[in-house]
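Working notes, structure below.
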Amino acid sequence: MSAGVQESLLDLGHDGEAPAPAALRPERTPLTHGAWIDVQRGWLSASGELFARLADGVPWHAERRRMYDRTVDVPRLLCFYADGTPLPDPALASCREALSAHYRAELGERFATAGLCLYRDGRDSVAWHGDTIGRGRTEDTMVAILSLGEARPLLLRPRAGPAETLRYNLGHGDLLVMGGSCQRTWEHAVPKSARAAGPRISVQFRPRGVR
């Protein structure tokens, strides 16, 4: 599938530079109820090249899901790589290895799977949710999101009690990691956009048994 994206200076990197993660030095923000997020802008260099390779090379597919009393189209394209399945690009393998090395002492295990979402334009989105299928429903865990292509807002809000919604505009190789109780006590979403929005790929690295 071909998808065009307007590359930023961060996407391009240096001449001949291959996509590669930088040293991990994220900025941590504590949230309520034992949740936290780490953010590192432009973590992956030459991210526009990786976006193009994934957009054309990943076997994207559409899904339909039951919502209340009807079955609807999932408003984005998907591809999931289970534990032990080779990833579609060596740059993603390098990212997963770097994340596992950095967070293993805190997480207690490595990142094992990768879920990819292609947001084709502003009509594609993901509703408020937490990754609570499997162990994330009852255990603290981590989900690391690498954003490629055009920046889109990722929103976070606590499940209980009024609080201001947090907004992070992510794209062009940015990294956001949700940890602690975040999947149980907070929700996140990528809303639809009424403005013109270019394509974005979200790569979610997760431990085994977390979806």
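Naming works like this for the structure tokens: A, B, ... for the chains as they're shown, residue 1 at the start of each chain, ligands 1 onward in shown order.
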
What residues in chain A get the DSSP label strand (DSSP E or B)? Please answer as a PyMOL selection string.
-> chain A and resi 20-21+27-30+35-40+44-45+61+64-67+70-73+77-81+113-119+126-129+134+143-149+152-158+166-170+174-180+186-190+200-206+210

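The smallest atom-to-atom distance between Ala114 (chain A) and any of A:Asp83, A:Glu27, A:Glu164, A:Asp56, using only C-alpha atoms, is found for A:Asp83.
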
Quick one: of A:Arg208, A:Arg195, A:His172, A:His102, who's nearest to Ala52 (chain A), counting only C-alpha atoms?
->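 Checking each candidate against Ala52 (chain A), we get A:His172 as the closest.
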
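By chain and then residue number, the residues within 8 Å of region 71-79 of chain A are Val58, Pro59, Trp60, His61, Ala62, Glu63, Arg64, Arg65, Arg66, Met67, Asp69, Tyr81, Gly115, Leu116, Cys117, Leu118, Tyr119, Arg120, Arg123, Asp124, Ser125 and Val126 of chain A, counting only C-alpha atoms and disregarding those fewer than 2 positions away in sequence.
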
Next, write the just-selected residues to a file, as a CSV table (one decimal), in the first residue's frame, keeping N, CA, C and O atoms as the atom set.
chain,number,residue,atom,x,y,z
A,58,VAL,N,4.2,-3.7,4.7
A,58,VAL,CA,3.4,-4.5,5.8
A,58,VAL,C,2.1,-5.0,5.1
A,58,VAL,O,1.5,-4.2,4.4
A,59,PRO,N,1.7,-6.2,5.4
A,59,PRO,CA,0.4,-6.7,4.9
A,59,PRO,C,-0.7,-6.2,5.7
A,59,PRO,O,-1.4,-6.9,6.5
A,60,TRP,N,-1.0,-4.9,5.5
A,60,TRP,CA,-2.1,-4.2,6.2
A,60,TRP,C,-3.5,-4.9,5.9
A,60,TRP,O,-3.7,-5.4,4.8
A,61,HIS,N,-4.3,-4.9,6.9
A,61,HIS,CA,-5.7,-5.5,6.7
A,61,HIS,C,-6.7,-4.7,7.5
A,61,HIS,O,-6.4,-4.1,8.5
A,62,ALA,N,-7.9,-4.7,7.0
A,62,ALA,CA,-9.0,-4.0,7.7
A,62,ALA,C,-9.7,-5.1,8.6
A,62,ALA,O,-9.7,-6.3,8.3
A,63,GLU,N,-10.4,-4.6,9.6
A,63,GLU,CA,-11.1,-5.5,10.5
A,63,GLU,C,-12.5,-4.9,10.8
A,63,GLU,O,-12.7,-3.7,10.6
A,64,ARG,N,-13.4,-5.7,11.1
A,64,ARG,CA,-14.8,-5.3,11.6
A,64,ARG,C,-15.0,-5.9,13.0
A,64,ARG,O,-14.6,-7.0,13.3
A,65,ARG,N,-15.6,-5.1,13.8
A,65,ARG,CA,-15.8,-5.5,15.2
A,65,ARG,C,-17.2,-5.2,15.6
A,65,ARG,O,-17.9,-4.3,15.2
A,66,ARG,N,-17.7,-6.0,16.6
A,66,ARG,CA,-19.0,-5.8,17.1
A,66,ARG,C,-19.0,-4.7,18.1
A,66,ARG,O,-18.2,-4.6,19.1
A,67,MET,N,-19.9,-3.7,17.9
A,67,MET,CA,-20.0,-2.6,18.8
A,67,MET,C,-21.5,-2.4,19.2
A,67,MET,O,-22.3,-2.0,18.3
A,69,ASP,N,-24.9,-3.1,19.2
A,69,ASP,CA,-25.9,-3.9,18.5
A,69,ASP,C,-25.6,-4.0,17.0
A,69,ASP,O,-26.4,-4.4,16.2
A,81,TYR,N,2.3,-8.5,15.1
A,81,TYR,CA,3.4,-9.5,15.0
A,81,TYR,C,3.5,-10.1,16.4
A,81,TYR,O,3.9,-9.4,17.4
A,115,GLY,N,2.3,-4.4,17.6
A,115,GLY,CA,1.1,-4.1,16.9
A,115,GLY,C,1.2,-2.8,16.1
A,115,GLY,O,1.6,-1.8,16.6
A,116,LEU,N,0.9,-2.9,14.8
A,116,LEU,CA,1.0,-1.7,13.9
A,116,LEU,C,-0.4,-1.2,13.5
A,116,LEU,O,-1.2,-2.0,13.1
A,117,CYS,N,-0.6,0.1,13.5
A,117,CYS,CA,-1.8,0.7,13.0
A,117,CYS,C,-1.4,1.8,12.0
A,117,CYS,O,-0.5,2.6,12.2
A,118,LEU,N,-2.2,1.8,10.9
A,118,LEU,CA,-2.0,2.8,9.9
A,118,LEU,C,-3.2,3.7,9.9
A,118,LEU,O,-4.3,3.2,9.5
A,119,TYR,N,-3.0,4.9,10.3
A,119,TYR,CA,-4.1,6.0,10.2
A,119,TYR,C,-3.9,6.7,8.9
A,119,TYR,O,-3.0,7.4,8.7
A,120,ARG,N,-4.8,6.4,7.9
A,120,ARG,CA,-4.6,6.9,6.6
A,120,ARG,C,-4.9,8.4,6.4
A,120,ARG,O,-4.2,9.0,5.6
A,123,ARG,N,-9.9,10.8,9.2
A,123,ARG,CA,-11.1,10.0,9.5
A,123,ARG,C,-10.7,8.8,10.2
A,123,ARG,O,-11.6,8.2,10.9
A,124,ASP,N,-9.5,8.3,10.2
A,124,ASP,CA,-9.1,7.1,11.0
A,124,ASP,C,-8.8,7.5,12.4
A,124,ASP,O,-8.3,8.7,12.7
A,125,SER,N,-9.1,6.7,13.4
A,125,SER,CA,-9.0,7.0,14.8
A,125,SER,C,-9.0,5.7,15.6
A,125,SER,O,-9.1,4.6,15.1
A,126,VAL,N,-8.8,5.9,16.9
A,126,VAL,CA,-9.1,4.8,17.9
A,126,VAL,C,-9.8,5.5,19.1
A,126,VAL,O,-9.4,6.5,19.6

Might you pull out every residue within 12 Å of Gly34 (chain A), with only C-alpha atoms counted and same-chain residues fewer than 5 positions away left off, and present them as a list of chain:residue names?
-> A:Thr29, A:Glu139, A:Asp140, A:Thr141, A:Pro158, A:Met178, A:Gly179, A:Gly180, A:Ser181, A:Cys182, A:Gln183, A:Arg184, A:Thr185, A:Trp186

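Distances from A:Leu99, A:Ala91, A:Val210, A:Ala197 to Arg137 (chain A) were compared using only C-alpha atoms, and the smallest one belongs to A:Val210.
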
Any chance you could list, as a PyMOL selection string, the residues in region 70-115 of chain A that come up helix (DSSP H, G or I) when DSSP is run on the backbone?
-> chain A and resi 90-107

Residues as selected, C-alpha atoms, written as an mmCIF file, in the first residue's frame, can you do that?
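Below you can see again31.cif, which holds the result:
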data_model
loop_
_atom_site.group_PDB
_atom_site.id
_atom_site.type_symbol
_atom_site.label_atom_id
_atom_site.label_comp_id
_atom_site.auth_asym_id
_atom_site.auth_seq_id
_atom_site.Cartn_x
_atom_site.Cartn_y
_atom_site.Cartn_z
ATOM 1 C CA PRO A 90 15.220 -4.478 11.038
ATOM 2 C CA ALA A 91 14.767 -0.937 12.381
ATOM 3 C CA LEU A 92 11.754 -2.119 14.399
ATOM 4 C CA ALA A 93 13.797 -4.993 15.798
ATOM 5 C CA SER A 94 16.464 -2.483 16.866
ATOM 6 C CA CYS A 95 13.808 -0.325 18.556
ATOM 7 C CA ARG A 96 12.359 -3.284 20.435
ATOM 8 C CA GLU A 97 15.805 -4.419 21.581
ATOM 9 C CA ALA A 98 16.653 -0.905 22.798
ATOM 10 C CA LEU A 99 13.363 -0.616 24.705
ATOM 11 C CA SER A 100 13.829 -4.050 26.293
ATOM 12 C CA ALA A 101 17.367 -3.199 27.400
ATOM 13 C CA HIS A 102 16.327 0.162 28.878
ATOM 14 C CA TYR A 103 13.149 -0.923 30.676
ATOM 15 C CA ARG A 104 13.814 -4.565 31.551
ATOM 16 C CA ALA A 105 14.943 -3.889 35.129
ATOM 17 C CA GLU A 106 11.762 -1.899 35.797
ATOM 18 C CA LEU A 107 9.389 -4.025 33.702
#

Find the distance between CA of Thr138 (chain A) and CA of Gly209 (chain A) and write it in Å to one decimal.
->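 Computing the Euclidean distance for CA of Thr138 (chain A) and CA of Gly209 (chain A) yields 11.7 Å.
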
At what distance in Å, to one decimal, does CA of Gln204 (chain A) lie from CA of Gly161 (chain A)?
-> 27.2 Å

What does the distance between CA of Arg135 (chain A) and CA of Val203 (chain A) come to in Å, to one decimal place?
->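 Interatomic distance here is 19.6 Å.
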
Counting only C-alpha atoms, the option among A:Leu156, A:Leu50, A:Leu148, A:Val190 closest to Glu17 (chain A) |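 Selected residue with least distance to Glu17 (chain A): A:Leu50.
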
Do a neighbour search on His188 (chain A) at 7 Å with only C-alpha atoms, toss out local chain neighbours closer than 3 positions, and write the hits as JSON, numbers by chain.
-> {"A": [128, 129, 130, 154, 155, 156, 157]}

Could you write those residues out with all heavy atoms, as a CSV table (one decimal), in the first residue's frame?
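Result file follows (result.csv):
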chain,number,residue,atom,x,y,z
A,128,TRP,N,-11.5,5.8,23.0
A,128,TRP,CA,-10.9,5.7,24.4
A,128,TRP,C,-10.9,4.3,24.8
A,128,TRP,O,-11.9,3.5,24.7
A,128,TRP,CB,-11.8,6.5,25.4
A,128,TRP,CG,-11.7,8.0,25.2
A,128,TRP,CD1,-12.6,8.8,24.7
A,128,TRP,CD2,-10.6,8.8,25.6
A,128,TRP,NE1,-12.2,10.1,24.7
A,128,TRP,CE2,-10.9,10.1,25.3
A,128,TRP,CE3,-9.4,8.5,26.2
A,128,TRP,CZ2,-10.1,11.2,25.6
A,128,TRP,CZ3,-8.5,9.6,26.5
A,128,TRP,CH2,-8.9,10.9,26.2
A,129,HIS,N,-9.7,3.8,25.3
A,129,HIS,CA,-9.5,2.5,25.8
A,129,HIS,C,-8.3,2.4,26.6
A,129,HIS,O,-7.4,3.3,26.6
A,129,HIS,CB,-9.5,1.5,24.6
A,129,HIS,CG,-8.2,1.6,23.8
A,129,HIS,ND1,-7.8,2.7,23.0
A,129,HIS,CD2,-7.1,0.8,23.7
A,129,HIS,CE1,-6.6,2.6,22.5
A,129,HIS,NE2,-6.1,1.4,22.9
A,130,GLY,N,-8.1,1.2,27.2
A,130,GLY,CA,-6.8,0.8,27.8
A,130,GLY,C,-6.5,-0.6,27.3
A,130,GLY,O,-7.4,-1.3,26.8
A,154,LEU,N,-2.4,12.2,20.6
A,154,LEU,CA,-2.8,11.1,21.5
A,154,LEU,C,-3.2,11.7,22.8
A,154,LEU,O,-2.5,12.5,23.4
A,154,LEU,CB,-1.6,10.1,21.7
A,154,LEU,CG,-2.0,8.9,22.5
A,154,LEU,CD1,-1.2,7.7,21.9
A,154,LEU,CD2,-1.6,9.0,24.0
A,155,LEU,N,-4.5,11.4,23.2
A,155,LEU,CA,-5.1,11.9,24.4
A,155,LEU,C,-5.1,10.9,25.5
A,155,LEU,O,-5.2,9.7,25.2
A,155,LEU,CB,-6.5,12.3,24.1
A,155,LEU,CG,-6.8,13.2,22.9
A,155,LEU,CD1,-8.3,13.6,22.8
A,155,LEU,CD2,-5.9,14.5,22.9
A,156,LEU,N,-4.9,11.3,26.7
A,156,LEU,CA,-4.9,10.5,27.9
A,156,LEU,C,-5.8,11.1,28.9
A,156,LEU,O,-5.8,12.3,29.1
A,156,LEU,CB,-3.6,10.3,28.5
A,156,LEU,CG,-2.5,9.5,27.6
A,156,LEU,CD1,-1.5,10.5,27.2
A,156,LEU,CD2,-1.9,8.4,28.4
A,157,ARG,N,-6.6,10.3,29.6
A,157,ARG,CA,-7.4,10.8,30.7
A,157,ARG,C,-7.6,9.7,31.8
A,157,ARG,O,-7.6,8.5,31.4
A,157,ARG,CB,-8.8,11.2,30.2
A,157,ARG,CG,-9.7,10.1,29.7
A,157,ARG,CD,-11.0,10.6,29.1
A,157,ARG,NE,-11.9,9.4,28.8
A,157,ARG,CZ,-13.0,9.6,28.1
A,157,ARG,NH1,-13.4,10.7,27.7
A,157,ARG,NH2,-13.7,8.5,27.8

Closest of A:Val177, A:Pro153, A:Gly122, A:Tyr168 to Gly198 (chain A) - atom-to-atom distances counting only C-alpha atoms =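 Of A:Val177, A:Pro153, A:Gly122, A:Tyr168, the one nearest Gly198 (chain A), counting only C-alpha atoms, is A:Gly122.
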
One residue among A:Arg110, A:Phe205, A:Ala35, A:Pro86 is nearest to Glu187 (chain A) when using only C-alpha atoms, and that residue is A:Ala35
